[in-house]
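Source file my_file.txt; content: compact mmCIF, C-alpha atoms.
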```txt
# COMPACT_ATOMS: atom_id res chain seq x y z
CA MET A 1 0.00 0.00 0.00
CA SER A 2 1.36 3.43 -0.98
CA GLU A 3 1.78 6.29 1.45
CA ARG A 4 -1.26 8.13 0.01
CA ASP A 5 -3.41 5.02 0.21
CA GLU A 6 -2.37 4.59 3.83
CA LEU A 7 -3.37 8.22 4.50
CA ILE A 8 -6.83 7.65 2.96
CA ALA A 9 -7.31 4.43 4.93
CA GLY A 10 -6.36 6.23 8.15
CA LEU A 11 -8.73 9.11 7.50
CA LYS A 12 -11.60 6.75 6.72
CA SER A 13 -10.96 4.86 9.95
CA ALA A 14 -10.96 8.13 11.89
CA LEU A 15 -14.27 9.13 10.30
CA GLU A 16 -15.85 5.85 11.38
CA VAL A 17 -15.10 6.90 14.95
CA SER A 18 -16.01 10.59 14.41
CA PRO A 19 -18.43 10.84 11.43
CA ASP A 20 -19.38 14.49 12.18
CA ASN A 21 -15.79 15.72 11.98
CA VAL A 22 -16.02 18.11 8.99
CA PRO A 23 -12.28 19.03 8.84
CA LEU A 24 -11.48 15.30 8.59
CA ARG A 25 -13.85 14.94 5.63
CA ILE A 26 -12.28 17.96 3.91
CA GLN A 27 -8.85 16.41 4.39
CA LEU A 28 -10.08 13.10 2.97
CA ALA A 29 -11.63 14.84 -0.02
CA ARG A 30 -8.36 16.62 -0.74
CA ALA A 31 -6.49 13.35 -0.48
CA TYR A 32 -8.84 11.90 -3.11
CA CYS A 33 -8.23 14.98 -5.29
CA ASN A 34 -4.47 14.46 -5.10
CA LEU A 35 -5.03 11.01 -6.59
CA GLY A 36 -7.41 12.33 -9.25
CA ARG A 37 -10.36 10.55 -7.65
CA PHE A 38 -12.71 13.50 -7.93
CA PRO A 39 -16.06 11.66 -7.81
CA GLU A 40 -15.09 10.17 -4.41
CA ALA A 41 -13.98 13.60 -3.23
CA GLU A 42 -17.34 15.01 -4.30
CA LEU A 43 -19.21 12.37 -2.29
CA GLU A 44 -17.23 13.19 0.85
CA LEU A 45 -17.83 16.91 0.50
CA ARG A 46 -21.53 16.46 -0.15
CA GLU A 47 -21.69 14.31 2.99
CA ALA A 48 -19.88 17.07 4.89
CA LEU A 49 -22.48 19.60 3.71
CA THR A 50 -25.31 17.50 5.14
CA ARG A 51 -23.60 17.84 8.54
CA SER A 52 -22.56 21.50 8.14
CA PRO A 53 -24.65 23.09 5.34
CA HIS A 54 -22.97 26.53 5.36
CA HIS A 55 -19.35 25.60 5.98
CA PRO A 56 -17.40 27.96 3.64
CA GLN A 57 -14.37 25.72 3.25
CA VAL A 58 -16.52 22.73 2.30
CA THR A 59 -18.49 24.67 -0.29
CA PHE A 60 -15.36 26.23 -1.79
CA THR A 61 -13.58 22.86 -2.04
CA LEU A 62 -16.71 21.32 -3.59
CA ALA A 63 -16.73 24.07 -6.23
CA GLN A 64 -13.09 23.24 -7.04
CA VAL A 65 -13.97 19.55 -7.37
CA TYR A 66 -16.91 20.36 -9.66
CA MET A 67 -14.62 22.44 -11.87
CA GLN A 68 -12.11 19.59 -12.11
CA GLN A 69 -14.94 17.40 -13.42
CA ASP A 70 -16.07 20.08 -15.91
CA LYS A 71 -19.30 20.54 -13.98
CA ASN A 72 -19.13 24.28 -14.57
CA SER A 73 -22.79 25.07 -13.88
CA GLN A 74 -22.73 23.47 -10.42
CA ALA A 75 -19.42 25.16 -9.60
CA LEU A 76 -20.74 28.57 -10.72
CA VAL A 77 -23.81 28.31 -8.48
CA ILE A 78 -21.60 27.71 -5.43
CA VAL A 79 -18.97 30.34 -6.23
CA GLU A 80 -21.53 33.04 -7.07
CA SER A 81 -23.07 32.53 -3.65
CA LEU A 82 -19.67 32.56 -1.94
CA THR A 83 -18.43 35.76 -3.60
CA LYS A 84 -21.56 37.68 -2.61
CA LYS A 85 -20.61 37.38 1.05
CA PRO A 86 -18.53 40.23 2.55
CA ASP A 87 -15.99 37.79 4.00
CA ALA A 88 -15.55 35.79 0.75
CA PRO A 89 -11.99 34.43 0.44
CA ALA A 90 -9.81 35.91 -2.30
CA ALA A 91 -9.32 32.44 -3.80
CA ALA A 92 -13.08 32.23 -4.41
CA HIS A 93 -12.91 35.28 -6.69
CA VAL A 94 -10.02 33.71 -8.64
CA LEU A 95 -11.96 30.48 -9.04
CA TYR A 96 -14.99 32.49 -10.15
CA ALA A 97 -12.80 34.24 -12.75
CA ARG A 98 -11.61 30.91 -14.15
CA LEU A 99 -15.18 29.61 -14.43
CA LEU A 100 -16.40 32.82 -16.08
CA PHE A 101 -13.55 32.59 -18.58
CA ARG A 102 -14.64 29.06 -19.43
CA GLU A 103 -18.13 30.40 -20.11
CA GLY A 104 -16.70 33.05 -22.46
CA ASP A 105 -17.59 35.98 -20.17
CA VAL A 106 -14.16 37.64 -20.30
CA PRO A 107 -15.10 41.08 -18.85
CA ARG A 108 -16.53 39.61 -15.65
CA ALA A 109 -13.64 37.15 -15.43
CA VAL A 110 -11.17 40.06 -15.51
CA ALA A 111 -13.16 41.96 -12.86
CA GLN A 112 -13.33 38.95 -10.50
CA TYR A 113 -9.65 38.14 -10.93
CA LYS A 114 -8.63 41.72 -10.14
CA LEU A 115 -10.91 41.74 -7.09
CA GLY A 116 -9.25 38.56 -5.83
CA LEU A 117 -5.81 40.13 -6.23
CA GLU A 118 -6.91 43.24 -4.33
CA LEU A 119 -8.03 41.08 -1.40
CA ASP A 120 -4.87 38.98 -1.39
CA PRO A 121 -2.03 39.32 -3.95
CA ASP A 122 -0.76 35.86 -2.96
CA VAL A 123 -3.70 34.16 -4.74
CA ALA A 124 -2.37 35.28 -8.13
CA ASP A 125 -2.60 32.57 -10.80
CA GLU A 126 0.18 33.30 -13.30
CA GLU A 127 -1.39 31.32 -16.16
CA LEU A 128 -4.87 32.76 -15.69
CA GLY A 129 -3.48 36.27 -15.26
CA ARG A 130 -1.51 35.99 -18.48
CA THR A 131 -4.56 34.66 -20.34
CA LEU A 132 -6.78 37.47 -19.07
CA GLY A 133 -4.11 40.13 -19.56
CA VAL A 134 -3.92 41.05 -15.88
CA THR A 135 -0.19 41.01 -15.22
CA GLU A 136 2.41 43.06 -13.38
CA ASP A 137 3.95 44.10 -16.71
CA PRO A 138 1.02 44.89 -19.06
CA ASP A 139 3.27 46.50 -21.70
CA SER A 140 4.86 43.13 -22.49
CA SER A 141 1.55 41.26 -22.82
CA PRO A 142 -0.36 40.91 -26.11
CA VAL A 143 -3.56 40.92 -24.01
CA VAL A 144 -4.60 43.76 -21.70
CA GLU A 145 -7.54 43.10 -19.37
CA GLY A 146 -9.32 40.79 -21.78
CA ARG A 147 -8.65 42.85 -24.90
CA LEU A 148 -6.29 41.73 -27.61
CA ARG A 149 -3.76 44.54 -27.94
CA GLN A 150 -3.94 44.37 -31.75
CA GLY A 151 -7.72 44.84 -31.50
CA TRP A 152 -7.32 48.43 -30.29
CA GLU A 153 -3.81 49.43 -31.36
CA ALA A 154 -3.87 48.25 -34.97
CA GLU A 155 -7.21 49.62 -36.13
CA ASP A 156 -6.08 49.78 -39.76
CA SER A 157 -4.97 46.15 -40.00
CA PRO A 158 -6.92 44.16 -42.62
CA VAL A 159 -9.67 41.99 -41.21
CA GLY A 160 -12.20 39.69 -42.76
CA PRO A 161 -12.68 37.38 -45.74
CA GLU A 162 -11.76 38.25 -49.31
CA VAL A 163 -14.15 39.67 -51.88
CA GLU A 164 -14.90 37.13 -54.62
CA ARG A 165 -16.32 37.61 -58.12
CA PRO A 166 -18.37 34.44 -58.74
CA LYS A 167 -19.06 33.27 -62.30
CA LEU A 168 -21.92 31.01 -61.18
CA THR A 169 -25.39 32.07 -62.37
CA PHE A 170 -28.98 30.94 -61.78
CA SER A 171 -28.93 28.95 -65.03
CA GLU A 172 -26.36 26.61 -63.49
CA ILE A 173 -28.59 25.78 -60.51
CA GLY A 174 -31.32 23.27 -61.18
CA GLY A 175 -34.89 23.96 -60.04
CA MET A 176 -35.84 26.39 -57.24
CA ASP A 177 -37.61 28.76 -59.66
CA ALA A 178 -39.83 30.32 -56.96
CA VAL A 179 -36.87 31.08 -54.72
CA LYS A 180 -34.90 32.54 -57.63
CA GLU A 181 -37.84 34.80 -58.49
CA GLU A 182 -38.06 36.11 -54.92
CA ILE A 183 -34.33 36.87 -54.86
CA SER A 184 -34.59 38.55 -58.24
CA LEU A 185 -37.50 40.75 -57.11
CA LYS A 186 -35.81 41.78 -53.87
CA ILE A 187 -32.17 42.03 -54.94
CA LEU A 188 -31.48 41.69 -58.67
CA TYR A 189 -34.19 43.81 -60.31
CA PRO A 190 -33.44 46.96 -58.25
CA LEU A 191 -29.90 46.90 -59.64
CA LYS A 192 -30.92 46.03 -63.19
CA HIS A 193 -33.83 48.53 -63.34
CA PRO A 194 -32.94 51.29 -60.87
CA GLU A 195 -35.19 53.88 -62.54
CA LEU A 196 -38.33 51.80 -61.95
CA TYR A 197 -37.54 51.17 -58.31
CA LYS A 198 -36.54 54.79 -57.77
CA ALA A 199 -39.96 55.87 -59.05
CA TYR A 200 -41.53 53.86 -56.22
CA GLY A 201 -38.98 55.07 -53.66
CA LYS A 202 -37.28 51.70 -53.36
CA THR A 203 -33.51 51.46 -52.91
CA ALA A 204 -31.17 48.64 -53.90
CA GLY A 205 -30.30 46.60 -50.87
CA GLY A 206 -31.91 44.67 -48.08
CA GLY A 207 -31.82 41.21 -46.62
CA ILE A 208 -33.15 37.73 -47.29
CA LEU A 209 -32.97 34.83 -44.87
CA MET A 210 -33.07 31.39 -46.50
CA TYR A 211 -33.87 28.33 -44.43
CA GLY A 212 -34.44 24.67 -45.10
CA PRO A 213 -32.80 21.26 -44.88
CA PRO A 214 -29.04 21.05 -45.53
CA GLY A 215 -27.79 20.32 -49.02
CA CYS A 216 -30.59 22.09 -50.90
CA GLY A 217 -28.50 24.79 -52.53
CA LYS A 218 -28.73 27.83 -50.22
CA THR A 219 -25.02 28.62 -50.57
CA TYR A 220 -25.10 28.07 -54.34
CA LEU A 221 -28.05 30.47 -54.58
CA ALA A 222 -26.11 33.15 -52.72
CA ARG A 223 -23.08 32.83 -55.00
CA ALA A 224 -25.27 32.78 -58.10
CA THR A 225 -27.02 35.97 -56.92
CA ALA A 226 -23.67 37.78 -57.03
CA GLY A 227 -22.79 36.13 -60.34
CA GLU A 228 -26.05 37.27 -61.96
CA ILE A 229 -25.18 40.96 -61.55
CA GLY A 230 -21.39 40.76 -61.49
CA ALA A 231 -21.34 41.93 -57.88
CA GLY A 232 -18.75 41.24 -55.26
CA PHE A 233 -19.39 38.30 -52.96
CA ILE A 234 -18.23 37.98 -49.35
CA ALA A 235 -18.88 34.66 -47.64
CA VAL A 236 -18.75 35.21 -43.88
CA GLY A 237 -17.94 32.22 -41.69
CA ILE A 238 -18.02 31.94 -37.90
CA ASN A 239 -14.22 32.14 -37.71
CA ASP A 240 -14.26 35.47 -39.55
CA VAL A 241 -16.24 37.08 -36.75
CA LEU A 242 -16.09 35.28 -33.41
CA ASP A 243 -13.23 36.09 -31.06
CA MET A 244 -12.78 35.29 -27.39
CA TRP A 245 -11.71 38.83 -26.44
CA ILE A 246 -14.27 41.45 -25.51
CA GLY A 247 -15.15 43.81 -28.32
CA LYS A 248 -13.12 41.97 -30.95
CA SER A 249 -16.07 40.03 -32.40
CA GLU A 250 -18.09 43.23 -32.77
CA ARG A 251 -15.15 44.95 -34.46
CA ASN A 252 -14.70 42.00 -36.84
CA LEU A 253 -18.39 42.10 -37.79
CA HIS A 254 -18.26 45.86 -38.35
CA GLU A 255 -15.21 45.45 -40.61
CA VAL A 256 -17.01 42.78 -42.68
CA PHE A 257 -19.90 45.19 -43.33
CA GLU A 258 -17.46 48.02 -44.09
CA GLN A 259 -15.69 45.76 -46.57
CA ALA A 260 -19.01 45.12 -48.33
CA ARG A 261 -19.81 48.86 -48.37
CA ARG A 262 -16.45 49.63 -49.96
CA ASN A 263 -17.17 47.11 -52.74
CA ARG A 264 -20.77 47.87 -53.62
CA PRO A 265 -22.70 46.38 -55.22
CA CYS A 266 -21.80 43.47 -53.01
CA VAL A 267 -23.56 40.35 -51.75
CA LEU A 268 -22.75 39.72 -48.09
CA PHE A 269 -23.53 36.10 -47.26
CA PHE A 270 -23.77 34.69 -43.73
CA ASP A 271 -23.90 30.90 -43.71
CA GLU A 272 -25.25 29.21 -40.55
CA VAL A 273 -26.36 32.65 -39.35
CA ASP A 274 -27.89 31.14 -36.20
CA ALA A 275 -24.31 30.75 -34.87
CA LEU A 276 -23.89 34.55 -34.97
CA GLY A 277 -27.49 35.66 -34.44
CA GLY A 278 -28.92 33.14 -32.01
CA ARG A 279 -31.76 33.97 -29.65
CA ARG A 280 -30.58 36.38 -26.97
CA SER A 281 -33.01 34.79 -24.50
CA ASP A 282 -31.04 31.53 -24.76
CA MET A 283 -27.68 33.13 -24.00
CA ILE A 284 -25.96 33.07 -20.62
CA SER A 285 -23.14 35.54 -21.23
CA GLY A 286 -23.50 39.18 -22.24
CA SER A 287 -20.88 38.98 -24.98
CA GLY A 288 -23.22 37.04 -27.29
CA ARG A 289 -25.96 39.62 -26.80
CA GLN A 290 -23.53 42.42 -27.60
CA LEU A 291 -22.61 40.74 -30.88
CA ILE A 292 -26.27 40.43 -31.89
CA ASN A 293 -26.88 44.09 -31.04
CA GLN A 294 -23.93 45.00 -33.27
CA PHE A 295 -25.29 42.77 -36.05
CA LEU A 296 -28.70 44.46 -35.88
CA SER A 297 -27.09 47.91 -35.84
CA GLU A 298 -25.03 47.10 -38.95
CA MET A 299 -28.09 45.81 -40.79
CA ASP A 300 -30.02 48.97 -39.91
CA GLY A 301 -27.21 51.07 -41.35
CA VAL A 302 -27.06 53.22 -38.21
CA SER A 303 -23.58 54.62 -38.91
CA SER A 304 -23.30 53.93 -42.67
CA SER A 305 -25.74 53.45 -45.53
CA ASN A 306 -26.27 49.90 -46.75
CA GLU A 307 -27.56 50.88 -50.18
CA GLY A 308 -26.03 48.49 -52.69
CA VAL A 309 -25.17 45.96 -49.97
CA LEU A 310 -27.26 42.84 -50.50
CA ILE A 311 -27.41 40.73 -47.36
CA LEU A 312 -28.19 37.04 -47.71
CA ALA A 313 -28.15 34.55 -44.87
CA ALA A 314 -28.78 30.84 -44.62
CA THR A 315 -29.66 28.58 -41.73
CA ASN A 316 -30.79 25.04 -41.16
CA ALA A 317 -32.35 26.08 -37.83
CA PRO A 318 -34.43 29.28 -38.23
CA TRP A 319 -36.05 28.64 -34.85
CA HIS A 320 -32.69 29.47 -33.23
CA VAL A 321 -32.36 32.88 -34.93
CA ASP A 322 -33.22 35.90 -32.79
CA PRO A 323 -36.71 37.23 -33.75
CA ALA A 324 -35.33 40.78 -34.01
CA PHE A 325 -33.67 39.82 -37.30
CA ARG A 326 -37.10 39.31 -38.87
CA ARG A 327 -38.14 42.92 -38.40
CA PRO A 328 -38.91 44.78 -41.69
CA GLY A 329 -35.76 46.40 -43.02
CA ARG A 330 -33.55 43.56 -41.83
CA PHE A 331 -34.28 40.04 -43.07
CA ASP A 332 -37.71 41.11 -44.30
CA ARG A 333 -37.95 38.14 -46.68
CA ILE A 334 -37.85 34.69 -45.09
CA LEU A 335 -37.58 32.09 -47.86
CA PHE A 336 -38.07 28.38 -47.43
CA VAL A 337 -35.63 26.47 -49.66
CA PRO A 338 -37.16 22.98 -49.97
CA PRO A 339 -35.68 19.91 -51.56
CA PRO A 340 -35.99 20.19 -55.35
CA ASP A 341 -39.21 18.96 -56.97
CA GLU A 342 -39.17 16.27 -59.65
CA ALA A 343 -38.26 18.70 -62.44
CA GLY A 344 -35.61 20.27 -60.20
CA ARG A 345 -34.11 16.88 -59.33
CA ALA A 346 -33.91 16.00 -63.02
CA ALA A 347 -32.19 19.34 -63.68
CA VAL A 348 -29.68 18.72 -60.90
CA LEU A 349 -28.91 15.26 -62.30
CA ARG A 350 -28.49 16.74 -65.77
CA LEU A 351 -26.02 19.33 -64.48
CA HIS A 352 -23.93 16.80 -62.58
CA CYS A 353 -23.85 14.35 -65.49
CA ALA A 354 -22.86 16.98 -68.05
CA GLY A 355 -19.53 16.22 -69.72
CA LYS A 356 -19.42 12.65 -68.43
CA PRO A 357 -19.66 9.51 -70.59
CA GLN A 358 -23.38 8.67 -70.81
CA GLU A 359 -25.87 6.76 -72.90
CA ASN A 360 -29.53 7.82 -73.24
CA LEU A 361 -29.95 8.84 -69.61
CA ASP A 362 -33.58 9.20 -68.54
CA PHE A 363 -33.21 11.83 -65.84
CA THR A 364 -36.95 12.16 -65.31
CA SER A 365 -37.46 8.51 -64.39
CA VAL A 366 -34.57 8.65 -61.92
CA ALA A 367 -35.86 11.89 -60.39
CA ARG A 368 -39.29 10.31 -59.96
CA LYS A 369 -37.74 7.68 -57.66
CA CYS A 370 -35.98 10.26 -55.47
CA ASP A 371 -38.74 12.03 -53.57
CA GLN A 372 -37.44 14.37 -50.82
CA PHE A 373 -33.82 13.96 -51.98
CA SER A 374 -31.80 17.16 -51.63
CA GLY A 375 -29.53 18.56 -54.31
CA ALA A 376 -26.56 17.14 -52.40
CA ASP A 377 -28.28 13.73 -52.33
CA MET A 378 -28.71 13.85 -56.12
CA LYS A 379 -25.02 14.61 -56.53
CA ALA A 380 -24.27 11.63 -54.27
CA ILE A 381 -26.31 9.43 -56.63
CA VAL A 382 -24.22 10.54 -59.59
CA ASP A 383 -20.98 10.04 -57.65
CA ALA A 384 -22.00 6.51 -56.59
CA ALA A 385 -22.99 5.59 -60.16
CA ILE A 386 -19.68 6.92 -61.50
CA GLU A 387 -17.69 4.94 -58.93
CA HIS A 388 -19.50 1.79 -60.05
CA ARG A 389 -18.73 2.50 -63.71
CA LEU A 390 -15.10 3.33 -62.89
CA ARG A 391 -14.57 -0.19 -61.58
CA ASP A 392 -15.62 -1.57 -64.97
CA ALA A 393 -13.53 1.00 -66.80
CA MET A 394 -10.42 0.04 -64.80
CA LYS A 395 -10.78 -3.54 -65.96
CA THR A 396 -11.15 -2.72 -69.67
CA GLY A 397 -9.10 0.46 -69.80
CA LYS A 398 -11.94 2.24 -71.61
CA PRO A 399 -14.58 4.65 -70.27
CA VAL A 400 -17.92 2.92 -69.76
CA PRO A 401 -20.89 5.27 -70.35
CA LEU A 402 -23.37 5.92 -67.55
CA GLN A 403 -26.80 4.39 -68.08
CA THR A 404 -30.13 5.03 -66.44
CA ARG A 405 -29.90 1.73 -64.57
CA ASP A 406 -26.65 2.89 -62.92
CA LEU A 407 -28.37 5.95 -61.50
CA LEU A 408 -31.42 3.97 -60.37
CA ASP A 409 -29.24 1.37 -58.61
CA ALA A 410 -27.27 4.11 -56.88
CA ALA A 411 -30.50 5.79 -55.75
CA LYS A 412 -31.73 2.55 -54.15
CA GLY A 413 -28.67 2.52 -51.89
CA LEU A 414 -29.30 6.03 -50.56
CA LYS A 415 -31.97 7.59 -48.35
CA PRO A 416 -32.94 11.27 -48.39
CA SER A 417 -30.89 13.23 -45.87
CA THR A 418 -33.74 15.71 -45.42
CA ARG A 419 -35.99 13.46 -43.34
CA GLU A 420 -34.28 14.23 -40.04
CA TRP A 421 -34.59 17.97 -40.64
CA PHE A 422 -38.30 17.71 -41.48
CA ALA A 423 -38.90 15.72 -38.28
CA SER A 424 -37.70 18.73 -36.27
CA ALA A 425 -39.20 21.38 -38.54
CA ARG A 426 -42.63 19.72 -38.41
CA ASN A 427 -42.88 20.28 -34.65
CA TYR A 428 -41.88 23.94 -34.92
CA ALA A 429 -44.28 24.46 -37.83
CA LEU A 430 -47.18 22.94 -35.92
CA TYR A 431 -46.60 24.34 -32.44
CA SER A 432 -44.37 27.41 -32.77
CA ASN A 433 -45.52 29.16 -35.93
CA GLN A 434 -46.09 32.70 -34.66
CA GLY A 435 -46.52 35.06 -37.58
CA GLY A 436 -46.79 32.20 -40.07
CA ILE A 437 -43.04 31.96 -40.67
CA TYR A 438 -43.26 28.19 -41.21
CA ASP A 439 -46.39 28.15 -43.36
CA ASP A 440 -44.32 27.02 -46.35
CA VAL A 441 -43.08 24.02 -44.34
CA LEU A 442 -46.67 23.06 -43.48
CA LYS A 443 -47.63 23.44 -47.14
CA TYR A 444 -44.69 21.29 -48.25
CA LEU A 445 -45.62 18.59 -45.71
CA LYS A 446 -49.28 18.93 -46.77
CA LEU A 447 -50.36 19.76 -43.24
CA SER A 448 -52.20 22.98 -44.07
```
Could I get this structure in the form of structure tokens?
Amino acid sequence: MSERDELIAGLKSALEVSPDNVPLRIQLARAYCNLGRFPEAELELREALTRSPHHPQVTFTLAQVYMQQDKNSQALVIVESLTKKPDAPAAAHVLYARLLFREGDVPRAVAQYKLGLELDPDVADEELGRTLGVTEDPDSSPVVEGRLRQGWEAEDSPVGPEVERPKLTFSEIGGMDAVKEEISLKILYPLKHPELYKAYGKTAGGGILMYGPPGCGKTYLARATAGEIGAGFIAVGINDVLDMWIGKSERNLHEVFEQARRNRPCVLFFDEVDALGGRRSDMISGSGRQLINQFLSEMDGVSSSNEGVLILAATNAPWHVDPAFRRPGRFDRILFVPPPDEAGRAAVLRLHCAGKPQENLDFTSVARKCDQFSGADMKAIVDAAIEHRLRDAMKTGKPVPLQTRDLLDAAKGLKPSTREWFASARNYALYSNQGGIYDDVLKYLKLS
């Protein structure tokens, strides 16, 4: 038996004699922690709390044990209560700072860490201090109190994705005629016929939010929109905006909009927009709410005009997007992008088979067998059929043309990827359809 095991055995024996001895239980819990046996330490501390419910050392140690097990919510509840007391130990503020940092709430983490240092400089955590930018020598740190130094010293440094000039047009996207017409009416026609729109007091610009199952061509539609009018195209990903330091995400988002304004006409496309514009009511930290407020401000053109900036966004989960984005003047067109219909599926097949060896392909009969298949699913059918034909071609050394039977066989081996999405969307459409936003889903599912 090792020395530590002997210590644990001795402490357990002592507790059998004196089960109400809280300091003994704390010591046993810490011995378990030293061995990495955190669940056993948690049990001892919880037992200690039943005997002394408000013991500060027990609650603080339990919060540490929770944090070690990544039980951040439980740890936060305890530490928040501890730090509200006037006699809270300095170490509790440092632990609170570490937990807040894990939650992404950098400003409050900085404030709690500094408060802990004011109470007792000896509780300084060098690693946490360096991460938060609270150090004895701030001039040598790239981070100052939660802010990335570059974020406020290098204002002119280039930020954001590049501006593209897509060649893709609507003619190269099969089906989706109704969606194309809506985009044309809202975005393309004002640029092609400015005099008509000016007569009615309409400006070129605005926003459209596209939603629907994945793989149905939302991103292709956005690129083709820019290609139709020869406009610039900026595809904004999560990594182009989100940053862990306070204020940096908002600055990144502002720079993306400024980049679009400098290159008008320009299509600004946000894919998976729910990651940037989620419901504020679902957020714990204030940093996420600040980003959404910045997003809304940029869309409203509070500081700069958005005329000529065409904002498109796509999401697979519209129910997670903050309702404020649906206000007129922001994303005032909400378009459902369904899986392609039979004619659309045939068009998608035709596009993906173009230029490939083929023999009398009956795209319509294949499309008829692929109800609810997305555009991505149709591409997968073509890829599977080609792989099958390639095996034969490798044996003979000659290309073997694709036949209708190849596509039909490939389709039998695949199931539509859209079914899972419709299972979720159906519930929202039936029970959370305020304002009729999901009426098109109900119509597609033939529930209205």
(request) May I ask which of the residues A:Asp5, A:Gly133, A:Val441, A:Arg345 is the closest one to Asn427 of chain A, counting only C-alpha atoms? (result)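 Counting only C-alpha atoms, the residue closest to Asn427 of chain A is A:Val441.
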(request) May I ask which of the residues A:Val273, A:Val94, A:Leu430, A:Val123 is the closest one to Ala109 of chain A, counting all atoms listed in the file? (result)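 Closest to Ala109 of chain A, using all atoms listed in the file: A:Val94.
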Kindly compute an axis-aligned box around the listed atoms of segment 8-16 of chain A, allowing 8 Å on each side, and express its centre and edge lengths in Å to one decimal as JSON.
```
{"center_x": -11.1, "center_y": 6.8, "center_z": 7.4, "size_x": 25.5, "size_y": 20.7, "size_z": 24.9}
```
(request) Mind checking which residues fall within 7 Å of Ala63 of chain A, counting all atoms listed in the file, ignoring those fewer than 5 positions away in the same chain, and posting them as a list of chain:residue names? (result)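 The neighbour list is A:Ala75, A:Ile78, A:Val79.
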(request) Quick one: everything within 12 Å of Leu35 of chain A, counting all atoms listed in the file, minus sequence neighbours fewer than 4 positions away in the same chain. Send it as a count of residues only. (result) 13
(request) Could you give me, as number ranges by chain, the residues that have an atom at most 10 Å away from the point (-37.5, 30.9, -39.4) in the coordinates of the file, using only C-alpha atoms? (result) A: 209-212, 315-323, 325-326, 334-336, 425, 428-429, 433-434, 436-438
(message) So that I can see what lies close to Asp362 of chain A, please list as a ChimeraX atom specification the residues with an atom at most 9 Å from it, counting all atoms listed in the file and leaving out residues fewer than 4 positions away in the same chain.
(response) /A:346,366-367,403-404
For the residues in the current selection, export C-alpha atoms as a PDB file, in the coordinates of the input.
```
ATOM      1  CA  ALA A 346     -33.910  16.000 -63.020  1.00  0.00           C
ATOM      2  CA  VAL A 366     -34.570   8.650 -61.920  1.00  0.00           C
ATOM      3  CA  ALA A 367     -35.860  11.890 -60.390  1.00  0.00           C
ATOM      4  CA  GLN A 403     -26.800   4.390 -68.080  1.00  0.00           C
ATOM      5  CA  THR A 404     -30.130   5.030 -66.440  1.00  0.00           C
TER       6      THR A 404
END
```
Give me, as a compact mmCIF listing (two decimals) with C-alpha atoms, in the frame of the given file, all polymer residues having an atom no more than 7 Å from His352 of chain A, counting all atoms listed in the file and skipping those fewer than 3 positions away in the same chain.
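Saved the output as around.txt:
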```txt
# COMPACT_ATOMS: atom_id res chain seq x y z
CA VAL A 348 -29.68 18.72 -60.90
CA LEU A 349 -28.91 15.26 -62.30
CA LYS A 379 -25.02 14.61 -56.53
CA VAL A 382 -24.22 10.54 -59.59
```
Missing atoms in segment 228-238 of chain A need filling: write out N, CA and C atoms for it as a PDB file, keeping the file's coordinate frame.
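Writing the result to rebuild_4.pdb gives the following:
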```pdb
ATOM      1  N   GLU A 228     -25.043  36.753 -61.041  1.00  0.00           N
ATOM      2  CA  GLU A 228     -26.050  37.270 -61.960  1.00  0.00           C
ATOM      3  C   GLU A 228     -25.838  38.738 -62.298  1.00  0.00           C
ATOM      4  N   ILE A 229     -25.320  39.507 -61.340  1.00  0.00           N
ATOM      5  CA  ILE A 229     -25.180  40.960 -61.550  1.00  0.00           C
ATOM      6  C   ILE A 229     -23.727  41.397 -61.542  1.00  0.00           C
ATOM      7  N   GLY A 230     -22.804  40.419 -61.491  1.00  0.00           N
ATOM      8  CA  GLY A 230     -21.390  40.760 -61.490  1.00  0.00           C
ATOM      9  C   GLY A 230     -20.964  41.507 -60.237  1.00  0.00           C
ATOM     10  N   ALA A 231     -21.650  41.247 -59.135  1.00  0.00           N
ATOM     11  CA  ALA A 231     -21.340  41.930 -57.880  1.00  0.00           C
ATOM     12  C   ALA A 231     -20.255  41.194 -57.118  1.00  0.00           C
ATOM     13  N   GLY A 232     -19.679  41.888 -56.156  1.00  0.00           N
ATOM     14  CA  GLY A 232     -18.750  41.240 -55.260  1.00  0.00           C
ATOM     15  C   GLY A 232     -19.485  40.269 -54.348  1.00  0.00           C
ATOM     16  N   PHE A 233     -18.770  39.309 -53.818  1.00  0.00           N
ATOM     17  CA  PHE A 233     -19.390  38.300 -52.960  1.00  0.00           C
ATOM     18  C   PHE A 233     -18.461  38.056 -51.769  1.00  0.00           C
ATOM     19  N   ILE A 234     -19.003  38.230 -50.575  1.00  0.00           N
ATOM     20  CA  ILE A 234     -18.230  37.980 -49.350  1.00  0.00           C
ATOM     21  C   ILE A 234     -18.957  36.910 -48.552  1.00  0.00           C
ATOM     22  N   ALA A 235     -18.329  35.753 -48.434  1.00  0.00           N
ATOM     23  CA  ALA A 235     -18.880  34.660 -47.640  1.00  0.00           C
ATOM     24  C   ALA A 235     -18.313  34.762 -46.227  1.00  0.00           C
ATOM     25  N   VAL A 236     -19.182  34.982 -45.257  1.00  0.00           N
ATOM     26  CA  VAL A 236     -18.750  35.210 -43.880  1.00  0.00           C
ATOM     27  C   VAL A 236     -18.943  33.927 -43.080  1.00  0.00           C
ATOM     28  N   GLY A 237     -17.863  33.395 -42.542  1.00  0.00           N
ATOM     29  CA  GLY A 237     -17.940  32.220 -41.690  1.00  0.00           C
ATOM     30  C   GLY A 237     -17.822  32.623 -40.221  1.00  0.00           C
ATOM     31  N   ILE A 238     -18.081  31.675 -39.346  1.00  0.00           N
ATOM     32  CA  ILE A 238     -18.020  31.940 -37.900  1.00  0.00           C
ATOM     33  C   ILE A 238     -16.628  32.424 -37.511  1.00  0.00           C
TER      34      ILE A 238
END
```
